[in-house]
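Structure record follows, encoded as structure tokens.
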Amino acid sequence: MSSVFAKVLQVHQWVYENSGGVVGHRVLFGNPTLLLRTVGRQTGQARTSALTYGRDGADYLVTASNGGSPRPPGWLANVKAKPECEIQIGRRKVPVVARPTYPDDSDYARRFAIVDKVNKGRYSAYQKMTKRPIPVVVLTPAGQSR
């Protein structure tokens with residue numbers, strides 16, 4: 001990812017967090033964006049990532065694309081280690097349980113299509129840039145059945 005684009009993403013996330021969610025839900029490319037709050041698996045420290053999301057019924061869908069990098073984003077290992085986390089959509093905070101899905105999951109292709117459409121085909125382009133399968137992470141509101 002270019003350093004300029006990385007800086008734009010950082011500024012977007014900072015504005016989203018520091019406005020309490022008033023600004024940031026639909027700033028970057030007009031994509032709906034949520035804040036994913038996880039706990040670092042090694043540090044135990046709170047981590048936040050701004051991510052484009054799609055909806056699948058009550059679930060929220062995000063991708064661990066990392067811009068097509070051969071390495072997945074750090075937040076993926078965090079949700080694997082501790083799936084109970086929180087998302088913020090605008091000003092609303094929702095406790096969720098995260099579950100990464102991969103191409104061998106029967107719902108993967110459908111879910112990938114949902115988030116790829118929201119992100120205007122960028123995830124398909126990212127998948128072509130890396131050999132690792134890009135997971136679609138299902139964020140289910142706590143207390144909802146799967």
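Letters A, B, ... go to the chains of the structure tokens in the order shown; residues in each chain start at 1; ligands are counted from 1 in the same order.
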
Within 12 Å of region 103-112 of chain A using only C-alpha atoms, minus same-chain residues under 6 positions, as number ranges by chain: A: 53-57, 59-65, 118-124, 127, 132-139

Can you spit out the residues from that selection as a compact mmCIF listing (two decimals), in the first residue's frame, using N, CA and C atoms?
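Result file result-v6.txt:
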```txt
# COMPACT_ATOMS: atom_id res chain seq x y z
N TYR A 53 -17.31 -2.32 5.27
CA TYR A 53 -18.10 -3.49 5.64
C TYR A 53 -19.32 -3.65 4.73
N GLY A 54 -19.82 -4.87 4.71
CA GLY A 54 -21.08 -5.20 4.06
C GLY A 54 -21.99 -5.82 5.10
N ARG A 55 -23.24 -6.02 4.74
CA ARG A 55 -24.21 -6.64 5.65
C ARG A 55 -24.70 -7.95 5.05
N ASP A 56 -24.89 -8.92 5.91
CA ASP A 56 -25.46 -10.21 5.54
C ASP A 56 -26.46 -10.55 6.63
N GLY A 57 -27.70 -10.09 6.45
CA GLY A 57 -28.69 -10.23 7.51
C GLY A 57 -28.27 -9.38 8.70
N ASP A 59 -25.57 -9.93 10.40
CA ASP A 59 -24.10 -9.94 10.47
C ASP A 59 -23.49 -8.79 9.69
N TYR A 60 -22.32 -8.39 10.15
CA TYR A 60 -21.47 -7.44 9.44
C TYR A 60 -20.33 -8.24 8.84
N LEU A 61 -19.90 -7.89 7.64
CA LEU A 61 -18.82 -8.60 6.95
C LEU A 61 -17.67 -7.66 6.66
N VAL A 62 -16.46 -8.07 7.02
CA VAL A 62 -15.25 -7.31 6.68
C VAL A 62 -14.25 -8.29 6.05
N THR A 63 -13.30 -7.77 5.32
CA THR A 63 -12.28 -8.64 4.72
C THR A 63 -10.93 -8.35 5.33
N ALA A 64 -10.14 -9.40 5.46
CA ALA A 64 -8.76 -9.27 5.95
C ALA A 64 -7.84 -9.21 4.73
N SER A 65 -8.05 -8.18 3.90
CA SER A 65 -7.33 -8.09 2.63
C SER A 65 -5.92 -7.50 2.78
N VAL A 118 -19.61 -3.82 -2.33
CA VAL A 118 -19.57 -2.59 -1.52
C VAL A 118 -18.27 -1.82 -1.79
N ASN A 119 -17.17 -2.56 -1.95
CA ASN A 119 -15.86 -1.94 -2.15
C ASN A 119 -15.51 -1.83 -3.64
N LYS A 120 -16.53 -1.86 -4.48
CA LYS A 120 -16.39 -1.59 -5.92
C LYS A 120 -15.33 -2.44 -6.61
N GLY A 121 -15.27 -3.74 -6.26
CA GLY A 121 -14.37 -4.67 -6.92
C GLY A 121 -12.93 -4.67 -6.44
N ARG A 122 -12.61 -3.85 -5.45
CA ARG A 122 -11.23 -3.78 -4.98
C ARG A 122 -10.74 -5.08 -4.35
N TYR A 123 -11.64 -5.81 -3.66
CA TYR A 123 -11.19 -7.06 -3.01
C TYR A 123 -10.84 -8.11 -4.05
N SER A 124 -11.56 -8.16 -5.16
CA SER A 124 -11.19 -9.08 -6.25
C SER A 124 -9.81 -8.72 -6.78
N GLN A 127 -7.25 -9.83 -4.28
CA GLN A 127 -7.04 -11.28 -4.28
C GLN A 127 -6.09 -11.70 -5.39
N ARG A 132 -2.40 -15.86 -0.87
CA ARG A 132 -3.17 -16.29 0.30
C ARG A 132 -4.65 -16.01 0.06
N PRO A 133 -5.52 -16.92 0.49
CA PRO A 133 -6.95 -16.63 0.36
C PRO A 133 -7.32 -15.50 1.32
N ILE A 134 -8.02 -14.50 0.82
CA ILE A 134 -8.42 -13.38 1.67
C ILE A 134 -9.67 -13.77 2.44
N PRO A 135 -9.58 -13.83 3.77
CA PRO A 135 -10.74 -14.21 4.58
C PRO A 135 -11.82 -13.14 4.59
N VAL A 136 -13.06 -13.59 4.66
CA VAL A 136 -14.18 -12.71 4.97
C VAL A 136 -14.50 -13.00 6.43
N VAL A 137 -14.44 -11.97 7.25
CA VAL A 137 -14.68 -12.14 8.68
C VAL A 137 -16.13 -11.74 8.97
N VAL A 138 -16.86 -12.69 9.53
CA VAL A 138 -18.27 -12.49 9.89
C VAL A 138 -18.30 -11.97 11.32
N LEU A 139 -18.92 -10.81 11.50
CA LEU A 139 -19.06 -10.19 12.83
C LEU A 139 -20.53 -10.29 13.23
```

Report as CSV the residues of region 43-136 of chain A within 10 Å of region 36-39 of chain A, each with its shortest atom pair and distance in Å (one decimal), using only C-alpha atoms, ordered by chain and increasing residue number.
```
residue,atom,partner,partner_atom,distance
A:Thr43,CA,A:Val39,CA,7.9
A:Gly44,CA,A:Val39,CA,5.5
A:Gln45,CA,A:Val39,CA,5.5
A:Ala46,CA,A:Val39,CA,4.7
A:Arg47,CA,A:Thr38,CA,5.2
A:Thr48,CA,A:Arg37,CA,4.5
A:Ser49,CA,A:Leu36,CA,5.2
A:Ala50,CA,A:Leu36,CA,6.3
A:Leu51,CA,A:Leu36,CA,7.2
A:Val62,CA,A:Leu36,CA,9.4
A:Trp75,CA,A:Thr38,CA,7.0
A:Leu76,CA,A:Thr38,CA,9.3
A:Ala77,CA,A:Thr38,CA,9.9
A:Asn78,CA,A:Val39,CA,6.2
A:Val79,CA,A:Thr38,CA,6.6
A:Ala81,CA,A:Val39,CA,8.9
A:Lys82,CA,A:Val39,CA,7.3
A:Pro83,CA,A:Thr38,CA,8.4
A:Glu84,CA,A:Thr38,CA,8.0
A:Cys85,CA,A:Thr38,CA,5.3
A:Glu86,CA,A:Arg37,CA,5.1
A:Ile87,CA,A:Leu36,CA,4.6
A:Gln88,CA,A:Leu36,CA,6.7
A:Ile89,CA,A:Leu36,CA,9.2
A:Lys93,CA,A:Leu36,CA,9.8
A:Val94,CA,A:Leu36,CA,9.8
A:Pro95,CA,A:Arg37,CA,9.4
A:Val96,CA,A:Leu36,CA,9.6
A:Ala98,CA,A:Thr38,CA,10.0
```

Expected answer as number ranges by chain: strand (DSSP E or B) residues in region 14-134 of chain A: A: 33-39, 46-52, 54-56, 59-63, 84-89, 92-101

Keeping only N, CA, C and O atoms, write the selected residues to a file as a compact mmCIF listing (two decimals), in the first residue's frame.
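Once written, selection.txt looks like this:
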```
# COMPACT_ATOMS: atom_id res chain seq x y z
N THR A 33 -18.10 2.42 6.55
CA THR A 33 -16.91 2.05 7.32
C THR A 33 -17.29 1.85 8.78
O THR A 33 -18.03 2.65 9.35
N LEU A 34 -16.75 0.79 9.36
CA LEU A 34 -16.93 0.58 10.80
C LEU A 34 -15.56 0.59 11.46
O LEU A 34 -14.53 0.49 10.79
N LEU A 35 -15.59 0.77 12.76
CA LEU A 35 -14.37 0.64 13.56
C LEU A 35 -14.42 -0.71 14.25
O LEU A 35 -15.40 -1.01 14.94
N LEU A 36 -13.40 -1.52 14.05
CA LEU A 36 -13.29 -2.82 14.71
C LEU A 36 -12.32 -2.66 15.87
O LEU A 36 -11.17 -2.25 15.67
N ARG A 37 -12.81 -2.96 17.05
CA ARG A 37 -11.97 -2.84 18.26
C ARG A 37 -11.65 -4.24 18.76
O ARG A 37 -12.55 -5.02 19.09
N THR A 38 -10.35 -4.54 18.79
CA THR A 38 -9.87 -5.85 19.22
C THR A 38 -8.86 -5.66 20.35
O THR A 38 -8.50 -4.53 20.69
N VAL A 39 -8.41 -6.78 20.90
CA VAL A 39 -7.35 -6.77 21.91
C VAL A 39 -6.15 -7.45 21.29
O VAL A 39 -6.26 -8.57 20.74
N ALA A 46 -5.59 -2.45 23.56
CA ALA A 46 -6.72 -2.19 22.67
C ALA A 46 -6.20 -1.75 21.31
O ALA A 46 -5.27 -0.96 21.22
N ARG A 47 -6.81 -2.28 20.26
CA ARG A 47 -6.45 -1.95 18.89
C ARG A 47 -7.72 -1.58 18.13
O ARG A 47 -8.77 -2.19 18.35
N THR A 48 -7.64 -0.62 17.23
CA THR A 48 -8.79 -0.21 16.43
C THR A 48 -8.39 -0.18 14.97
O THR A 48 -7.33 0.33 14.62
N SER A 49 -9.27 -0.70 14.12
CA SER A 49 -9.06 -0.68 12.68
C SER A 49 -10.33 -0.17 12.00
O SER A 49 -11.42 -0.64 12.32
N ALA A 50 -10.18 0.76 11.07
CA ALA A 50 -11.31 1.25 10.27
C ALA A 50 -11.40 0.36 9.04
O ALA A 50 -10.42 0.21 8.30
N LEU A 51 -12.58 -0.25 8.83
CA LEU A 51 -12.74 -1.22 7.75
C LEU A 51 -14.04 -1.01 6.99
O LEU A 51 -15.08 -0.74 7.60
N THR A 52 -13.98 -1.16 5.67
CA THR A 52 -15.20 -1.18 4.86
C THR A 52 -15.98 -2.43 5.22
O THR A 52 -15.39 -3.49 5.46
N GLY A 54 -19.82 -4.87 4.71
CA GLY A 54 -21.08 -5.20 4.06
C GLY A 54 -21.99 -5.82 5.10
O GLY A 54 -21.55 -6.13 6.21
N ARG A 55 -23.24 -6.02 4.74
CA ARG A 55 -24.21 -6.64 5.65
C ARG A 55 -24.70 -7.95 5.05
O ARG A 55 -24.90 -8.05 3.85
N ASP A 56 -24.89 -8.92 5.91
CA ASP A 56 -25.46 -10.21 5.54
C ASP A 56 -26.46 -10.55 6.63
O ASP A 56 -26.11 -11.14 7.65
N ASP A 59 -25.57 -9.93 10.40
CA ASP A 59 -24.10 -9.94 10.47
C ASP A 59 -23.49 -8.79 9.69
O ASP A 59 -24.03 -8.33 8.69
N TYR A 60 -22.32 -8.39 10.15
CA TYR A 60 -21.47 -7.44 9.44
C TYR A 60 -20.33 -8.24 8.84
O TYR A 60 -19.83 -9.19 9.46
N LEU A 61 -19.90 -7.89 7.64
CA LEU A 61 -18.82 -8.60 6.95
C LEU A 61 -17.67 -7.66 6.66
O LEU A 61 -17.88 -6.57 6.11
N VAL A 62 -16.46 -8.07 7.02
CA VAL A 62 -15.25 -7.31 6.68
C VAL A 62 -14.25 -8.29 6.05
O VAL A 62 -14.36 -9.50 6.25
N THR A 63 -13.30 -7.77 5.32
CA THR A 63 -12.28 -8.64 4.72
C THR A 63 -10.93 -8.35 5.33
O THR A 63 -10.61 -7.21 5.66
N GLU A 84 -14.36 -12.34 20.72
CA GLU A 84 -15.29 -11.35 21.28
C GLU A 84 -14.64 -9.98 21.15
O GLU A 84 -13.59 -9.73 21.72
N CYS A 85 -15.28 -9.11 20.39
CA CYS A 85 -14.75 -7.77 20.18
C CYS A 85 -15.91 -6.79 20.02
O CYS A 85 -17.05 -7.14 20.32
N GLU A 86 -15.61 -5.60 19.57
CA GLU A 86 -16.64 -4.57 19.43
C GLU A 86 -16.48 -3.87 18.10
O GLU A 86 -15.36 -3.68 17.62
N ILE A 87 -17.62 -3.50 17.52
CA ILE A 87 -17.58 -2.65 16.34
C ILE A 87 -18.34 -1.36 16.65
O ILE A 87 -19.17 -1.32 17.55
N GLN A 88 -17.98 -0.33 15.91
CA GLN A 88 -18.70 0.93 16.01
C GLN A 88 -19.10 1.32 14.60
O GLN A 88 -18.27 1.36 13.70
N ILE A 89 -20.39 1.58 14.43
CA ILE A 89 -20.94 2.02 13.16
C ILE A 89 -21.52 3.40 13.43
O ILE A 89 -22.50 3.53 14.16
N ARG A 92 -22.88 4.27 17.05
CA ARG A 92 -23.40 3.08 17.74
C ARG A 92 -22.32 2.03 17.92
O ARG A 92 -21.66 1.63 16.97
N LYS A 93 -22.17 1.54 19.16
CA LYS A 93 -21.21 0.49 19.47
C LYS A 93 -21.95 -0.82 19.70
O LYS A 93 -22.98 -0.85 20.36
N VAL A 94 -21.41 -1.90 19.09
CA VAL A 94 -22.07 -3.20 19.14
C VAL A 94 -21.05 -4.28 19.51
O VAL A 94 -20.06 -4.45 18.80
N PRO A 95 -21.29 -5.01 20.60
CA PRO A 95 -20.41 -6.15 20.89
C PRO A 95 -20.69 -7.26 19.87
O PRO A 95 -21.86 -7.53 19.55
N VAL A 96 -19.63 -7.86 19.34
CA VAL A 96 -19.77 -8.89 18.32
C VAL A 96 -18.83 -10.07 18.60
O VAL A 96 -17.90 -9.96 19.40
N VAL A 97 -19.11 -11.16 17.91
CA VAL A 97 -18.21 -12.32 17.90
C VAL A 97 -17.73 -12.47 16.46
O VAL A 97 -18.55 -12.51 15.53
N ALA A 98 -16.42 -12.52 16.29
CA ALA A 98 -15.81 -12.59 14.96
C ALA A 98 -15.52 -14.03 14.56
O ALA A 98 -15.05 -14.83 15.39
N ARG A 99 -15.78 -14.33 13.29
CA ARG A 99 -15.48 -15.67 12.78
C ARG A 99 -14.93 -15.54 11.35
O ARG A 99 -15.68 -15.23 10.41
N PRO A 100 -13.62 -15.77 11.18
CA PRO A 100 -13.06 -15.74 9.83
C PRO A 100 -13.59 -16.90 9.00
O PRO A 100 -13.73 -18.02 9.50
N THR A 101 -13.92 -16.63 7.73
CA THR A 101 -14.33 -17.69 6.81
C THR A 101 -13.41 -17.67 5.60
O THR A 101 -12.86 -16.62 5.24
```

Using DSSP on the backbone coordinates, identify the residues of region 34-133 of chain A assigned to alpha helix (DSSP H); present them as a PDB file with N, CA, C and O atoms, in the first residue's frame.
```pdb
ATOM      1  N   GLY A  74      -2.838  -7.459  11.044  1.00  0.00           N
ATOM      2  CA  GLY A  74      -2.663  -7.896  12.429  1.00  0.00           C
ATOM      3  C   GLY A  74      -3.967  -8.158  13.150  1.00  0.00           C
ATOM      4  O   GLY A  74      -4.051  -9.055  13.993  1.00  0.00           O
ATOM      5  N   TRP A  75      -5.007  -7.405  12.796  1.00  0.00           N
ATOM      6  CA  TRP A  75      -6.280  -7.580  13.514  1.00  0.00           C
ATOM      7  C   TRP A  75      -6.867  -8.967  13.304  1.00  0.00           C
ATOM      8  O   TRP A  75      -7.615  -9.458  14.153  1.00  0.00           O
ATOM      9  N   LEU A  76      -6.514  -9.650  12.202  1.00  0.00           N
ATOM     10  CA  LEU A  76      -7.051 -10.984  11.962  1.00  0.00           C
ATOM     11  C   LEU A  76      -6.568 -11.964  13.037  1.00  0.00           C
ATOM     12  O   LEU A  76      -7.358 -12.727  13.594  1.00  0.00           O
ATOM     13  N   ALA A  77      -5.288 -11.940  13.359  1.00  0.00           N
ATOM     14  CA  ALA A  77      -4.758 -12.808  14.414  1.00  0.00           C
ATOM     15  C   ALA A  77      -5.379 -12.457  15.759  1.00  0.00           C
ATOM     16  O   ALA A  77      -5.631 -13.345  16.579  1.00  0.00           O
ATOM     17  N   ASN A  78      -5.670 -11.176  15.968  1.00  0.00           N
ATOM     18  CA  ASN A  78      -6.295 -10.758  17.231  1.00  0.00           C
ATOM     19  C   ASN A  78      -7.700 -11.340  17.376  1.00  0.00           C
ATOM     20  O   ASN A  78      -8.061 -11.819  18.445  1.00  0.00           O
ATOM     21  N   VAL A  79      -8.509 -11.312  16.304  1.00  0.00           N
ATOM     22  CA  VAL A  79      -9.869 -11.852  16.415  1.00  0.00           C
ATOM     23  C   VAL A  79      -9.865 -13.376  16.453  1.00  0.00           C
ATOM     24  O   VAL A  79     -10.774 -13.981  17.018  1.00  0.00           O
ATOM     25  N   LYS A  80      -8.841 -13.999  15.885  1.00  0.00           N
ATOM     26  CA  LYS A  80      -8.731 -15.458  15.997  1.00  0.00           C
ATOM     27  C   LYS A  80      -8.425 -15.840  17.450  1.00  0.00           C
ATOM     28  O   LYS A  80      -8.949 -16.821  17.964  1.00  0.00           O
ATOM     29  N   ALA A  81      -7.564 -15.052  18.098  1.00  0.00           N
ATOM     30  CA  ALA A  81      -7.186 -15.334  19.488  1.00  0.00           C
ATOM     31  C   ALA A  81      -8.311 -14.989  20.460  1.00  0.00           C
ATOM     32  O   ALA A  81      -8.504 -15.671  21.466  1.00  0.00           O
ATOM     33  N   TYR A 108     -18.827 -18.638   1.731  1.00  0.00           N
ATOM     34  CA  TYR A 108     -17.731 -17.709   1.467  1.00  0.00           C
ATOM     35  C   TYR A 108     -17.942 -16.908   0.176  1.00  0.00           C
ATOM     36  O   TYR A 108     -17.841 -15.683   0.189  1.00  0.00           O
ATOM     37  N   ALA A 109     -18.205 -17.584  -0.927  1.00  0.00           N
ATOM     38  CA  ALA A 109     -18.319 -16.884  -2.228  1.00  0.00           C
ATOM     39  C   ALA A 109     -19.420 -15.833  -2.182  1.00  0.00           C
ATOM     40  O   ALA A 109     -19.247 -14.710  -2.671  1.00  0.00           O
ATOM     41  N   ARG A 110     -20.545 -16.175  -1.577  1.00  0.00           N
ATOM     42  CA  ARG A 110     -21.652 -15.223  -1.471  1.00  0.00           C
ATOM     43  C   ARG A 110     -21.245 -14.026  -0.613  1.00  0.00           C
ATOM     44  O   ARG A 110     -21.502 -12.875  -0.975  1.00  0.00           O
ATOM     45  N   ARG A 111     -20.597 -14.303   0.515  1.00  0.00           N
ATOM     46  CA  ARG A 111     -20.160 -13.210   1.398  1.00  0.00           C
ATOM     47  C   ARG A 111     -19.099 -12.343   0.735  1.00  0.00           C
ATOM     48  O   ARG A 111     -19.129 -11.114   0.846  1.00  0.00           O
ATOM     49  N   PHE A 112     -18.139 -12.983   0.061  1.00  0.00           N
ATOM     50  CA  PHE A 112     -17.094 -12.221  -0.619  1.00  0.00           C
ATOM     51  C   PHE A 112     -17.726 -11.295  -1.658  1.00  0.00           C
ATOM     52  O   PHE A 112     -17.329 -10.134  -1.787  1.00  0.00           O
ATOM     53  N   ALA A 113     -18.715 -11.797  -2.385  1.00  0.00           N
ATOM     54  CA  ALA A 113     -19.393 -10.980  -3.401  1.00  0.00           C
ATOM     55  C   ALA A 113     -20.068  -9.761  -2.770  1.00  0.00           C
ATOM     56  O   ALA A 113     -20.042  -8.669  -3.340  1.00  0.00           O
ATOM     57  N   ILE A 114     -20.634  -9.925  -1.585  1.00  0.00           N
ATOM     58  CA  ILE A 114     -21.292  -8.799  -0.893  1.00  0.00           C
ATOM     59  C   ILE A 114     -20.279  -7.698  -0.587  1.00  0.00           C
ATOM     60  O   ILE A 114     -20.487  -6.537  -0.931  1.00  0.00           O
ATOM     61  N   VAL A 115     -19.165  -8.064   0.047  1.00  0.00           N
ATOM     62  CA  VAL A 115     -18.195  -7.030   0.434  1.00  0.00           C
ATOM     63  C   VAL A 115     -17.430  -6.498  -0.769  1.00  0.00           C
ATOM     64  O   VAL A 115     -17.073  -5.321  -0.804  1.00  0.00           O
ATOM     65  N   ASP A 116     -17.206  -7.337  -1.776  1.00  0.00           N
ATOM     66  CA  ASP A 116     -16.507  -6.876  -2.973  1.00  0.00           C
ATOM     67  C   ASP A 116     -17.344  -5.839  -3.715  1.00  0.00           C
ATOM     68  O   ASP A 116     -16.824  -4.835  -4.208  1.00  0.00           O
ATOM     69  N   LYS A 117     -18.658  -6.055  -3.756  1.00  0.00           N
ATOM     70  CA  LYS A 117     -19.546  -5.093  -4.411  1.00  0.00           C
ATOM     71  C   LYS A 117     -19.533  -3.753  -3.663  1.00  0.00           C
ATOM     72  O   LYS A 117     -19.451  -2.688  -4.282  1.00  0.00           O
ATOM     73  N   VAL A 118     -19.610  -3.820  -2.329  1.00  0.00           N
ATOM     74  CA  VAL A 118     -19.569  -2.589  -1.523  1.00  0.00           C
ATOM     75  C   VAL A 118     -18.273  -1.820  -1.789  1.00  0.00           C
ATOM     76  O   VAL A 118     -18.262  -0.599  -1.863  1.00  0.00           O
ATOM     77  N   ARG A 122     -12.615  -3.852  -5.450  1.00  0.00           N
ATOM     78  CA  ARG A 122     -11.227  -3.778  -4.978  1.00  0.00           C
ATOM     79  C   ARG A 122     -10.744  -5.083  -4.353  1.00  0.00           C
ATOM     80  O   ARG A 122      -9.582  -5.437  -4.481  1.00  0.00           O
ATOM     81  N   TYR A 123     -11.637  -5.814  -3.659  1.00  0.00           N
ATOM     82  CA  TYR A 123     -11.187  -7.058  -3.014  1.00  0.00           C
ATOM     83  C   TYR A 123     -10.836  -8.111  -4.047  1.00  0.00           C
ATOM     84  O   TYR A 123      -9.889  -8.874  -3.855  1.00  0.00           O
ATOM     85  N   SER A 124     -11.558  -8.157  -5.161  1.00  0.00           N
ATOM     86  CA  SER A 124     -11.188  -9.078  -6.246  1.00  0.00           C
ATOM     87  C   SER A 124      -9.807  -8.719  -6.782  1.00  0.00           C
ATOM     88  O   SER A 124      -8.982  -9.598  -7.045  1.00  0.00           O
ATOM     89  N   ALA A 125      -9.552  -7.422  -6.932  1.00  0.00           N
ATOM     90  CA  ALA A 125      -8.229  -6.975  -7.396  1.00  0.00           C
ATOM     91  C   ALA A 125      -7.156  -7.341  -6.375  1.00  0.00           C
ATOM     92  O   ALA A 125      -6.071  -7.809  -6.742  1.00  0.00           O
ATOM     93  N   TYR A 126      -7.446  -7.165  -5.090  1.00  0.00           N
ATOM     94  CA  TYR A 126      -6.467  -7.516  -4.053  1.00  0.00           C
ATOM     95  C   TYR A 126      -6.194  -9.013  -4.062  1.00  0.00           C
ATOM     96  O   TYR A 126      -5.060  -9.447  -3.864  1.00  0.00           O
ATOM     97  N   GLN A 127      -7.247  -9.831  -4.281  1.00  0.00           N
ATOM     98  CA  GLN A 127      -7.043 -11.283  -4.279  1.00  0.00           C
ATOM     99  C   GLN A 127      -6.090 -11.699  -5.392  1.00  0.00           C
ATOM    100  O   GLN A 127      -5.306 -12.620  -5.226  1.00  0.00           O
ATOM    101  N   LYS A 128      -6.131 -10.983  -6.524  1.00  0.00           N
ATOM    102  CA  LYS A 128      -5.225 -11.294  -7.629  1.00  0.00           C
ATOM    103  C   LYS A 128      -3.776 -10.934  -7.302  1.00  0.00           C
ATOM    104  O   LYS A 128      -2.853 -11.435  -7.938  1.00  0.00           O
ATOM    105  N   MET A 129      -3.575 -10.072  -6.301  1.00  0.00           N
ATOM    106  CA  MET A 129      -2.232  -9.626  -5.937  1.00  0.00           C
ATOM    107  C   MET A 129      -1.543 -10.554  -4.934  1.00  0.00           C
ATOM    108  O   MET A 129      -0.352 -10.410  -4.687  1.00  0.00           O
TER     109      MET A 129
END
```

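Closest to Gly143 (chain A) among A:Gly40, A:Ala58, A:Val15, A:Pro32 is A:Ala58, based on only C-alpha atoms.
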
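Of note, CA of Pro72 (chain A) and CA of Gln144 (chain A) are spaced 27.4 Å apart.
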